[in-house]
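As stored in run13.tsv (TSV, N, CA and C atoms):
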chain	number	residue	atom	x	y	z
A	1	MET	N	11.51	-10.94	14.56
A	1	MET	CA	10.49	-9.91	14.41
A	1	MET	C	11.03	-8.88	13.43
A	2	GLY	N	10.28	-8.61	12.36
A	2	GLY	CA	10.78	-7.73	11.32
A	2	GLY	C	9.93	-6.52	11.07
A	3	ASN	N	9.16	-6.58	10.00
A	3	ASN	CA	8.38	-5.46	9.51
A	3	ASN	C	7.26	-5.08	10.48
A	4	ILE	N	7.19	-3.79	10.82
A	4	ILE	CA	6.10	-3.28	11.66
A	4	ILE	C	5.35	-2.23	10.84
A	5	THR	N	4.04	-2.43	10.72
A	5	THR	CA	3.18	-1.46	10.06
A	5	THR	C	2.15	-0.96	11.05
A	6	VAL	N	2.04	0.34	11.18
A	6	VAL	CA	1.01	0.97	12.01
A	6	VAL	C	-0.08	1.45	11.06
A	7	CYS	N	-1.34	1.19	11.42
A	7	CYS	CA	-2.44	1.68	10.59
A	7	CYS	C	-3.37	2.55	11.42
A	8	THR	N	-4.02	3.48	10.73
A	8	THR	CA	-4.96	4.38	11.37
A	8	THR	C	-6.00	4.82	10.34
A	9	THR	N	-7.09	5.39	10.83
A	9	THR	CA	-8.13	5.91	9.94
A	9	THR	C	-8.64	7.25	10.44
A	10	PHE	N	-9.16	8.02	9.51
A	10	PHE	CA	-9.89	9.24	9.86
A	10	PHE	C	-10.62	9.72	8.62
A	11	HIS	N	-11.59	10.62	8.85
A	11	HIS	CA	-12.31	11.24	7.75
A	11	HIS	C	-11.83	12.69	7.63
A	12	LYS	N	-12.37	13.43	6.67
A	12	LYS	CA	-11.89	14.79	6.43
A	12	LYS	C	-11.94	15.68	7.67
A	13	PRO	N	-13.05	15.70	8.43
A	13	PRO	CA	-13.03	16.51	9.66
A	13	PRO	C	-11.98	16.01	10.66
A	14	GLY	N	-11.77	14.70	10.71
A	14	GLY	CA	-10.75	14.14	11.60
A	14	GLY	C	-9.35	14.55	11.18
A	15	LEU	N	-9.12	14.60	9.88
A	15	LEU	CA	-7.82	15.07	9.38
A	15	LEU	C	-7.56	16.47	9.88
A	16	ASP	N	-8.57	17.33	9.74
A	16	ASP	CA	-8.41	18.72	10.15
A	16	ASP	C	-8.29	18.88	11.66
A	17	LEU	N	-9.01	18.07	12.41
A	17	LEU	CA	-9.04	18.20	13.86
A	17	LEU	C	-7.83	17.57	14.55
A	18	TYR	N	-7.42	16.38	14.13
A	18	TYR	CA	-6.34	15.67	14.82
A	18	TYR	C	-5.44	14.85	13.90
A	19	GLY	N	-5.91	14.44	12.74
A	19	GLY	CA	-5.16	13.52	11.89
A	19	GLY	C	-3.82	14.05	11.40
A	20	GLN	N	-3.81	15.30	10.95
A	20	GLN	CA	-2.55	15.85	10.45
A	20	GLN	C	-1.52	15.96	11.56
A	21	ARG	N	-1.96	16.32	12.75
A	21	ARG	CA	-1.05	16.40	13.90
A	21	ARG	C	-0.44	15.03	14.19
A	22	PHE	N	-1.26	13.99	14.11
A	22	PHE	CA	-0.76	12.63	14.31
A	22	PHE	C	0.27	12.27	13.25
A	23	ILE	N	-0.08	12.48	11.98
A	23	ILE	CA	0.84	12.14	10.89
A	23	ILE	C	2.17	12.87	11.05
A	24	ASP	N	2.10	14.16	11.35
A	24	ASP	CA	3.33	14.95	11.51
A	24	ASP	C	4.17	14.45	12.69
A	25	SER	N	3.53	14.17	13.82
A	25	SER	CA	4.28	13.71	14.99
A	25	SER	C	4.85	12.31	14.77
A	26	PHE	N	4.10	11.45	14.07
A	26	PHE	CA	4.59	10.11	13.74
A	26	PHE	C	5.81	10.22	12.84
A	27	ALA	N	5.72	11.04	11.80
A	27	ALA	CA	6.83	11.20	10.86
A	27	ALA	C	8.08	11.76	11.54
A	28	GLU	N	7.88	12.64	12.50
A	28	GLU	CA	9.00	13.27	13.17
A	28	GLU	C	9.62	12.38	14.24
A	29	LYS	N	8.81	11.63	14.99
A	29	LYS	CA	9.30	10.96	16.20
A	29	LYS	C	9.48	9.44	16.09
A	30	VAL	N	8.80	8.79	15.14
A	30	VAL	CA	8.84	7.33	15.08
A	30	VAL	C	9.91	6.88	14.09
A	31	ASP	N	10.65	5.86	14.48
A	31	ASP	CA	11.72	5.29	13.66
A	31	ASP	C	11.22	5.04	12.23
A	32	LYS	N	12.02	5.40	11.25
A	32	LYS	CA	11.64	5.27	9.83
A	32	LYS	C	11.48	3.82	9.40
A	33	GLN	N	11.95	2.85	10.18
A	33	GLN	CA	11.75	1.44	9.86
A	33	GLN	C	10.30	1.01	10.07
A	34	ILE	N	9.53	1.82	10.81
A	34	ILE	CA	8.13	1.51	11.10
A	34	ILE	C	7.26	2.24	10.08
A	35	ASN	N	6.46	1.47	9.37
A	35	ASN	CA	5.61	2.03	8.32
A	35	ASN	C	4.30	2.55	8.90
A	36	LEU	N	3.79	3.62	8.31
A	36	LEU	CA	2.48	4.14	8.68
A	36	LEU	C	1.57	4.00	7.47
A	37	LEU	N	0.43	3.35	7.67
A	37	LEU	CA	-0.57	3.16	6.63
A	37	LEU	C	-1.83	3.89	7.07
A	38	VAL	N	-2.21	4.92	6.32
A	38	VAL	CA	-3.35	5.77	6.68
A	38	VAL	C	-4.52	5.49	5.74
A	39	TYR	N	-5.69	5.26	6.32
A	39	TYR	CA	-6.92	5.10	5.56
A	39	TYR	C	-7.78	6.32	5.85
A	40	ALA	N	-8.00	7.12	4.82
A	40	ALA	CA	-8.79	8.33	4.99
A	40	ALA	C	-10.07	8.20	4.16
A	41	GLU	N	-11.15	8.72	4.70
A	41	GLU	CA	-12.42	8.65	3.97
A	41	GLU	C	-13.17	9.97	4.09
A	42	ASP	N	-13.94	10.24	3.06
A	42	ASP	CA	-14.73	11.46	3.03
A	42	ASP	C	-16.03	11.11	2.30
A	43	CYS	N	-16.96	10.50	3.02
A	43	CYS	CA	-18.17	10.02	2.38
A	43	CYS	C	-19.41	10.56	3.11
A	44	ILE	N	-20.53	10.43	2.44
A	44	ILE	CA	-21.81	10.83	3.02
A	44	ILE	C	-22.54	9.57	3.46
A	45	PRO	N	-22.78	9.39	4.75
A	45	PRO	CA	-23.46	8.20	5.23
A	45	PRO	C	-24.87	8.08	4.63
A	46	ASN	N	-25.30	6.83	4.42
A	46	ASN	CA	-26.59	6.64	3.78
A	46	ASN	C	-27.63	5.98	4.68
A	47	ASN	N	-27.31	5.74	5.93
A	47	ASN	CA	-28.26	5.11	6.83
A	47	ASN	C	-28.21	5.81	8.19
A	48	PRO	N	-29.14	6.70	8.48
A	48	PRO	CA	-29.06	7.46	9.73
A	48	PRO	C	-29.10	6.58	10.98
A	49	ARG	N	-29.67	5.39	10.92
A	49	ARG	CA	-29.68	4.51	12.10
A	49	ARG	C	-28.31	3.93	12.38
A	50	ALA	N	-27.42	3.97	11.40
A	50	ALA	CA	-26.08	3.42	11.59
A	50	ALA	C	-25.02	4.51	11.68
A	51	ASN	N	-25.44	5.74	11.89
A	51	ASN	CA	-24.52	6.86	11.90
A	51	ASN	C	-24.66	7.75	13.13
A	52	GLY	N	-24.83	7.16	14.26
A	52	GLY	CA	-24.85	7.91	15.51
A	52	GLY	C	-26.17	8.51	15.89
A	53	ILE	N	-27.24	8.18	15.19
A	53	ILE	CA	-28.55	8.73	15.51
A	53	ILE	C	-29.43	7.58	16.01
A	54	PRO	N	-29.59	7.46	17.33
A	54	PRO	CA	-30.39	6.36	17.86
A	54	PRO	C	-31.88	6.57	17.60
A	55	PRO	N	-32.66	5.50	17.63
A	55	PRO	CA	-34.10	5.63	17.45
A	55	PRO	C	-34.72	6.51	18.54
A	56	ASP	N	-35.85	7.11	18.23
A	56	ASP	CA	-36.51	8.02	19.18
A	56	ASP	C	-36.87	7.34	20.49
A	57	ASP	N	-37.24	6.07	20.46
A	57	ASP	CA	-37.69	5.39	21.67
A	57	ASP	C	-36.57	4.69	22.44
A	58	ILE	N	-35.31	4.97	22.11
A	58	ILE	CA	-34.20	4.24	22.72
A	58	ILE	C	-34.05	4.53	24.21
A	59	LYS	N	-34.40	5.72	24.66
A	59	LYS	CA	-34.24	6.06	26.07
A	59	LYS	C	-35.08	5.12	26.94
A	60	ALA	N	-36.28	4.80	26.50
A	60	ALA	CA	-37.14	3.90	27.27
A	60	ALA	C	-36.65	2.45	27.19
A	61	ARG	N	-36.13	2.06	26.04
A	61	ARG	CA	-35.70	0.67	25.85
A	61	ARG	C	-34.32	0.38	26.42
A	62	ARG	N	-33.43	1.37	26.44
A	62	ARG	CA	-32.05	1.18	26.90
A	62	ARG	C	-31.68	2.29	27.87
A	63	PRO	N	-32.27	2.33	29.06
A	63	PRO	CA	-32.06	3.46	29.97
A	63	PRO	C	-30.60	3.68	30.39
A	64	ARG	N	-29.79	2.62	30.41
A	64	ARG	CA	-28.40	2.79	30.86
A	64	ARG	C	-27.49	3.43	29.83
A	65	ASP	N	-27.78	3.22	28.57
A	65	ASP	CA	-26.84	3.73	27.57
A	65	ASP	C	-27.50	4.41	26.37
A	66	TRP	N	-28.68	4.92	26.56
A	66	TRP	CA	-29.40	5.58	25.47
A	66	TRP	C	-28.62	6.77	24.90
A	67	HIS	N	-27.83	7.42	25.75
A	67	HIS	CA	-27.11	8.63	25.33
A	67	HIS	C	-25.78	8.33	24.63
A	68	LYS	N	-25.37	7.08	24.56
A	68	LYS	CA	-24.09	6.70	23.95
A	68	LYS	C	-24.27	6.52	22.45
A	69	LYS	N	-24.19	7.62	21.74
A	69	LYS	CA	-24.48	7.61	20.31
A	69	LYS	C	-23.49	6.76	19.51
A	70	PHE	N	-22.28	6.57	20.03
A	70	PHE	CA	-21.32	5.77	19.28
A	70	PHE	C	-21.81	4.34	19.08
A	71	LYS	N	-22.70	3.86	19.94
A	71	LYS	CA	-23.23	2.50	19.80
A	71	LYS	C	-24.14	2.38	18.58
A	72	TRP	N	-24.56	3.49	18.04
A	72	TRP	CA	-25.43	3.49	16.86
A	72	TRP	C	-24.67	3.91	15.62
A	73	ASP	N	-23.36	3.98	15.71
A	73	ASP	CA	-22.53	4.51	14.64
A	73	ASP	C	-21.77	3.39	13.92
A	74	ALA	N	-22.51	2.42	13.42
A	74	ALA	CA	-21.90	1.23	12.80
A	74	ALA	C	-21.03	1.58	11.60
A	75	ILE	N	-21.45	2.51	10.78
A	75	ILE	CA	-20.66	2.84	9.59
A	75	ILE	C	-19.31	3.42	10.00
A	76	ARG	N	-19.30	4.28	10.98
A	76	ARG	CA	-18.05	4.88	11.43
A	76	ARG	C	-17.06	3.82	11.89
A	77	PHE	N	-17.52	2.86	12.68
A	77	PHE	CA	-16.62	1.86	13.23
A	77	PHE	C	-16.36	0.72	12.26
A	78	ALA	N	-17.27	0.44	11.35
A	78	ALA	CA	-17.05	-0.62	10.36
A	78	ALA	C	-15.87	-0.26	9.46
A	79	ASN	N	-15.72	1.01	9.15
A	79	ASN	CA	-14.59	1.43	8.31
A	79	ASN	C	-13.27	1.03	8.94
A	80	LYS	N	-13.16	1.14	10.25
A	80	LYS	CA	-11.93	0.78	10.94
A	80	LYS	C	-11.64	-0.72	10.79
A	81	VAL	N	-12.67	-1.54	10.90
A	81	VAL	CA	-12.49	-2.99	10.78
A	81	VAL	C	-11.94	-3.34	9.41
A	82	TYR	N	-12.52	-2.78	8.36
A	82	TYR	CA	-12.04	-3.06	7.02
A	82	TYR	C	-10.63	-2.52	6.80
A	83	ALA	N	-10.33	-1.37	7.35
A	83	ALA	CA	-8.99	-0.81	7.22
A	83	ALA	C	-7.96	-1.70	7.90
A	84	VAL	N	-8.26	-2.16	9.11
A	84	VAL	CA	-7.33	-3.04	9.82
A	84	VAL	C	-7.16	-4.35	9.05
A	85	PHE	N	-8.24	-4.91	8.55
A	85	PHE	CA	-8.15	-6.14	7.76
A	85	PHE	C	-7.24	-5.95	6.56
A	86	ASP	N	-7.43	-4.86	5.82
A	86	ASP	CA	-6.60	-4.58	4.66
A	86	ASP	C	-5.15	-4.38	5.06
A	87	ALA	N	-4.92	-3.64	6.14
A	87	ALA	CA	-3.56	-3.41	6.62
A	87	ALA	C	-2.88	-4.72	6.99
A	88	CYS	N	-3.62	-5.63	7.62
A	88	CYS	CA	-3.06	-6.94	7.97
A	88	CYS	C	-2.70	-7.72	6.72
A	89	GLU	N	-3.52	-7.60	5.70
A	89	GLU	CA	-3.24	-8.28	4.43
A	89	GLU	C	-1.95	-7.73	3.80
A	90	ARG	N	-1.67	-6.46	4.01
A	90	ARG	CA	-0.50	-5.82	3.40
A	90	ARG	C	0.76	-5.97	4.25
A	91	SER	N	0.62	-6.31	5.51
A	91	SER	CA	1.75	-6.39	6.44
A	91	SER	C	2.36	-7.78	6.40
A	92	SER	N	3.68	-7.83	6.43
A	92	SER	CA	4.32	-9.14	6.40
A	92	SER	C	4.57	-9.70	7.80
A	93	ASP	N	4.75	-8.85	8.79
A	93	ASP	CA	5.02	-9.34	10.14
A	93	ASP	C	4.02	-8.81	11.17
A	94	TRP	N	4.11	-7.51	11.46
A	94	TRP	CA	3.27	-6.92	12.50
A	94	TRP	C	2.38	-5.82	11.95
A	95	CYS	N	1.12	-5.84	12.37
A	95	CYS	CA	0.19	-4.76	12.07
A	95	CYS	C	-0.34	-4.23	13.39
A	96	VAL	N	-0.18	-2.95	13.61
A	96	VAL	CA	-0.56	-2.34	14.88
A	96	VAL	C	-1.55	-1.22	14.61
A	97	TRP	N	-2.71	-1.27	15.26
A	97	TRP	CA	-3.68	-0.19	15.17
A	97	TRP	C	-3.27	0.94	16.11
A	98	MET	N	-3.35	2.20	15.63
A	98	MET	CA	-3.10	3.35	16.49
A	98	MET	C	-4.15	4.41	16.15
A	99	ASP	N	-4.84	4.92	17.16
A	99	ASP	CA	-5.84	5.96	16.92
A	99	ASP	C	-5.18	7.20	16.32
A	100	ALA	N	-5.88	7.83	15.40
A	100	ALA	CA	-5.35	9.01	14.71
A	100	ALA	C	-5.36	10.25	15.59
A	101	ASP	N	-5.99	10.18	16.76
A	101	ASP	CA	-5.92	11.33	17.66
A	101	ASP	C	-4.76	11.21	18.64
A	102	THR	N	-3.86	10.27	18.35
A	102	THR	CA	-2.63	10.10	19.14
A	102	THR	C	-1.63	11.18	18.76
A	103	PHE	N	-0.84	11.60	19.73
A	103	PHE	CA	0.27	12.52	19.47
A	103	PHE	C	1.54	11.85	19.97
A	104	VAL	N	2.49	11.66	19.09
A	104	VAL	CA	3.76	11.05	19.47
A	104	VAL	C	4.68	12.17	19.95
A	105	HIS	N	4.87	12.24	21.26
A	105	HIS	CA	5.61	13.38	21.84
A	105	HIS	C	7.09	13.12	22.04
A	106	SER	N	7.52	11.86	21.98
A	106	SER	CA	8.93	11.53	22.21
A	106	SER	C	9.44	10.63	21.09
A	107	ASN	N	10.74	10.63	20.90
A	107	ASN	CA	11.31	9.74	19.90
A	107	ASN	C	10.99	8.29	20.27
A	108	TRP	N	10.68	7.50	19.25
A	108	TRP	CA	10.26	6.12	19.46
A	108	TRP	C	11.07	5.25	18.51
A	109	SER	N	12.04	4.54	19.06
A	109	SER	CA	12.91	3.71	18.23
A	109	SER	C	12.21	2.42	17.83
A	110	TYR	N	12.78	1.77	16.82
A	110	TYR	CA	12.25	0.49	16.37
A	110	TYR	C	12.28	-0.53	17.52
A	111	ASP	N	13.39	-0.59	18.25
A	111	ASP	CA	13.50	-1.56	19.35
A	111	ASP	C	12.51	-1.27	20.47
A	112	GLN	N	12.30	0.00	20.81
A	112	GLN	CA	11.30	0.34	21.83
A	112	GLN	C	9.91	-0.10	21.39
A	113	PHE	N	9.59	0.16	20.15
A	113	PHE	CA	8.28	-0.21	19.63
A	113	PHE	C	8.15	-1.74	19.61
A	114	LYS	N	9.16	-2.41	19.10
A	114	LYS	CA	9.15	-3.88	19.00
A	114	LYS	C	8.95	-4.52	20.36
A	115	ASN	N	9.52	-3.93	21.41
A	115	ASN	CA	9.40	-4.50	22.76
A	115	ASN	C	7.98	-4.44	23.30
A	116	LEU	N	7.12	-3.62	22.69
A	116	LEU	CA	5.71	-3.55	23.10
A	116	LEU	C	4.86	-4.65	22.49
A	117	LEU	N	5.41	-5.34	21.50
A	117	LEU	CA	4.65	-6.34	20.75
A	117	LEU	C	4.84	-7.73	21.35
A	118	PRO	N	3.78	-8.33	21.83
A	118	PRO	CA	3.90	-9.66	22.45
A	118	PRO	C	4.21	-10.73	21.41
A	119	ASN	N	5.14	-11.60	21.72
A	119	ASN	CA	5.56	-12.64	20.77
A	119	ASN	C	4.49	-13.69	20.51
A	120	ASP	N	3.51	-13.80	21.39
A	120	ASP	CA	2.50	-14.85	21.24
A	120	ASP	C	1.18	-14.33	20.66
A	121	LYS	N	1.18	-13.13	20.05
A	121	LYS	CA	-0.02	-12.54	19.46
A	121	LYS	C	0.26	-12.21	18.00
A	122	TRP	N	-0.80	-12.14	17.21
A	122	TRP	CA	-0.63	-11.78	15.81
A	122	TRP	C	-1.23	-10.43	15.47
A	123	LEU	N	-1.94	-9.81	16.43
A	123	LEU	CA	-2.52	-8.50	16.21
A	123	LEU	C	-2.53	-7.76	17.54
A	124	THR	N	-2.22	-6.47	17.52
A	124	THR	CA	-2.23	-5.68	18.76
A	124	THR	C	-2.59	-4.23	18.42
A	125	TYR	N	-2.68	-3.41	19.42
A	125	TYR	CA	-2.91	-1.99	19.24
A	125	TYR	C	-2.13	-1.24	20.28
A	126	VAL	N	-1.85	0.02	20.01
A	126	VAL	CA	-1.17	0.86	20.98
A	126	VAL	C	-2.25	1.58	21.77
A	127	GLY	N	-2.41	1.22	23.04
A	127	GLY	CA	-3.44	1.83	23.89
A	127	GLY	C	-3.00	3.19	24.38
A	128	ARG	N	-3.94	3.88	25.01
A	128	ARG	CA	-3.62	5.21	25.52
A	128	ARG	C	-3.01	5.13	26.89
The structure given in the file should be rewritten as structure tokens.
Amino acid sequence: MGNITVCTTFHKPGLDLYGQRFIDSFAEKVDKQINLLVYAEDCIPNNPRANGIPPDDIKARRPRDWHKKFKWDAIRFANKVYAVFDACERSSDWCVWMDADTFVHSNWSYDQFKNLLPNDKWLTYVGR
């Protein structure tokens, strides 16, 4: 097990709200052998139905989850898929997704990180 690349994404408001804190804590606490690949975006969405705004009649059609706007936010989540795909293409051994609202509060060695990666998988993420 060799190269470990962590990837994450955020947009400009995310950078201001949590992204910079993540980058700083990662740089300070995570072993320098582990690479961080950040995908940042600052765009104007062009399809309101795919950007967290559900149709007006959704409450009647989907009573259990009409209020879950993230289910209508395809553009927001599609960016993550493309970022992870690109990161995997750039990684030689391991690519690990980590949310940008993560805060690394303790030192994290290469061996500690490596021990979290299952030998029988080719893609993983660091859960909360």
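Separating atom CA of A:Ile4 from atom CA of A:Ser91 is a distance of 7.5 Å.
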Please compute the atom CA of A:Trp94-atom C of A:Asp31 distance, one decimal, in Å.
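Atom C of A:Asp31 lies at a distance of 14.4 Å from atom CA of A:Trp94.
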Using all atoms listed in the file, which residues sit within 6.5 Å of A:Asp101 once same-chain residues fewer than 5 positions away are excluded, as a list in words?
Tyr18, Gly19 and Phe22 of chain A
For A:Val30, find every residue with an atom within 8 Å (counting all atoms listed in the file), except residues of its own chain fewer than 5 positions away, and show them as a CSV table (one decimal) with N, CA and C atoms, keeping the file's coordinate frame.
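Generated output (part_32.csv):
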chain,number,residue,atom,x,y,z
A,24,ASP,N,2.1,14.2,11.4
A,24,ASP,CA,3.3,15.0,11.5
A,24,ASP,C,4.2,14.4,12.7
A,25,SER,N,3.5,14.2,13.8
A,25,SER,CA,4.3,13.7,15.0
A,25,SER,C,4.8,12.3,14.8
A,35,ASN,N,6.5,1.5,9.4
A,35,ASN,CA,5.6,2.0,8.3
A,35,ASN,C,4.3,2.6,8.9
A,104,VAL,N,2.5,11.7,19.1
A,104,VAL,CA,3.8,11.0,19.5
A,104,VAL,C,4.7,12.2,20.0
A,106,SER,N,7.5,11.9,22.0
A,106,SER,CA,8.9,11.5,22.2
A,106,SER,C,9.4,10.6,21.1
A,107,ASN,N,10.7,10.6,20.9
A,107,ASN,CA,11.3,9.7,19.9
A,107,ASN,C,11.0,8.3,20.3
A,108,TRP,N,10.7,7.5,19.2
A,108,TRP,CA,10.3,6.1,19.5
A,108,TRP,C,11.1,5.2,18.5
A,109,SER,N,12.0,4.5,19.1
A,109,SER,CA,12.9,3.7,18.2
A,109,SER,C,12.2,2.4,17.8
A,110,TYR,N,12.8,1.8,16.8
A,110,TYR,CA,12.2,0.5,16.4
A,110,TYR,C,12.3,-0.5,17.5
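Reported to one decimal place, the separation of atom N of A:Phe10 from atom CA of A:Ala40 is 4.5 Å.
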Nearest to A:Val6 among A:His67, A:Arg21, A:His105, A:Lys32, with distances taken over only C-alpha atoms: which residue is it?
A:Lys32
